[in-house]
Amino acid sequence: MQIKRLDGLADYQATFDAMRAFTANRTTETEDELWQVEHAPVYTLGQAGKPEHILNPKNIPIIRSNRGGQVTYHGPGQIVLYPLINLHRVQLFVRDYVNLLEEAIIQTLAEFGIRHAQRKEGAPGVYVPYQAQGMPLDLAKIAALGVKVSNGCTYHGLSLNVSMDLSPFYGINPCGYAGLQTIDMFSLGVEAEWQAVADSLSARLIHLIEQHQAIA
């Protein structure tokens, strides 16, 4: 699988169009790719996303895409990975694929010292126990998922908050959940380089896919 880093703060619409074109034009022989992206600030709505979950966007653009899920925010300091994978070739069902995305995030966070990251029943993504000042201990979201599968091939993917301005999340109901706390690695005491985390996450995802394929 080829890893491709998009330079600078990538425009979401242009990246979305490029993913869609790649997927539409690929053949059974096309090599899978994994795009590492850091986006300019943007809110994105999933295919069935409800606009009422956008509370106060201020000057941040809003773009509707065809991924699953509700509304989320992308911005500087957040890793976005777009796996462009032929699921048939790697012998993965969609549910298994989503599980591998979450597992790659959990393993990466553990590598950087965040050892209690976990899934949450009925709410795709990865969460960590976190107690905001004056609030009870709860699960805060540190990584989000939103995928699209077309003719057995994936695009869109996952986002992991490394070190970012989290205030835009207060302008939405993240992933459609009112009051959902969002967090990043920096707020949990981890100072890590964006590229180092992106490379670790990419390597772990590729390893998990190859591991699955070897035993399938």
# chains A, B, ... in the order shown; residues from 1 in each chain; ligands from 1

$ select_by_dssp --residues "stretch 68-208 of chain A" --states "strand (DSSP E)" --output "PyMOL selection string"
chain A and resi 71-74+78-84+126-130+138-150+153-161

$ select_by_dssp --residues "stretch 55-168 of chain A" --states "alpha helix (DSSP H)" --output "MDAnalysis selection string"
chainID A and resid 87:90 94:111

$ closest_atom_pairs --of "stretch 47-152 of chain A" --to "stretch 32-43 of chain A" --cutoff "9 Å" --atoms "only C-alpha atoms" --output "JSON lines"
{"residue": "A:Ile54", "atom": "CA", "partner": "A:Tyr43", "partner_atom": "CA", "distance": 8.5}
{"residue": "A:Pro57", "atom": "CA", "partner": "A:Tyr43", "partner_atom": "CA", "distance": 7.9}
{"residue": "A:Ile60", "atom": "CA", "partner": "A:Val42", "partner_atom": "CA", "distance": 5.6}
{"residue": "A:Pro61", "atom": "CA", "partner": "A:Val42", "partner_atom": "CA", "distance": 5.3}
{"residue": "A:Ile62", "atom": "CA", "partner": "A:Tyr43", "partner_atom": "CA", "distance": 4.7}
{"residue": "A:Ile63", "atom": "CA", "partner": "A:Tyr43", "partner_atom": "CA", "distance": 6.3}
{"residue": "A:Arg64", "atom": "CA", "partner": "A:Tyr43", "partner_atom": "CA", "distance": 8.5}
{"residue": "A:Val71", "atom": "CA", "partner": "A:Tyr43", "partner_atom": "CA", "distance": 6.8}
{"residue": "A:Thr72", "atom": "CA", "partner": "A:Tyr43", "partner_atom": "CA", "distance": 5.7}
{"residue": "A:Tyr73", "atom": "CA", "partner": "A:Tyr43", "partner_atom": "CA", "distance": 4.6}
{"residue": "A:His74", "atom": "CA", "partner": "A:Val42", "partner_atom": "CA", "distance": 5.4}
{"residue": "A:Gly75", "atom": "CA", "partner": "A:Pro41", "partner_atom": "CA", "distance": 4.2}
{"residue": "A:Pro76", "atom": "CA", "partner": "A:Glu38", "partner_atom": "CA", "distance": 6.0}
{"residue": "A:Gly77", "atom": "CA", "partner": "A:Glu38", "partner_atom": "CA", "distance": 7.1}
{"residue": "A:Gln78", "atom": "CA", "partner": "A:Glu38", "partner_atom": "CA", "distance": 6.2}
{"residue": "A:Ile79", "atom": "CA", "partner": "A:Glu38", "partner_atom": "CA", "distance": 5.7}
{"residue": "A:Val80", "atom": "CA", "partner": "A:Val37", "partner_atom": "CA", "distance": 5.0}
{"residue": "A:Leu81", "atom": "CA", "partner": "A:Gln36", "partner_atom": "CA", "distance": 4.9}
{"residue": "A:Tyr82", "atom": "CA", "partner": "A:Trp35", "partner_atom": "CA", "distance": 4.9}
{"residue": "A:Pro83", "atom": "CA", "partner": "A:Leu34", "partner_atom": "CA", "distance": 4.4}
{"residue": "A:Leu84", "atom": "CA", "partner": "A:Glu33", "partner_atom": "CA", "distance": 5.1}
{"residue": "A:Ile85", "atom": "CA", "partner": "A:Asp32", "partner_atom": "CA", "distance": 5.0}
{"residue": "A:Asn86", "atom": "CA", "partner": "A:Asp32", "partner_atom": "CA", "distance": 6.7}

$ closest_residue --among "A:Leu55, A:Ala18, A:Val190, A:Leu45" --to "A:Ala110" --atoms "only C-alpha atoms"
A:Val190

$ atom_distance --atom1 "atom CA of A:Leu87" --atom2 "atom CA of A:Thr23"
12.2 Å
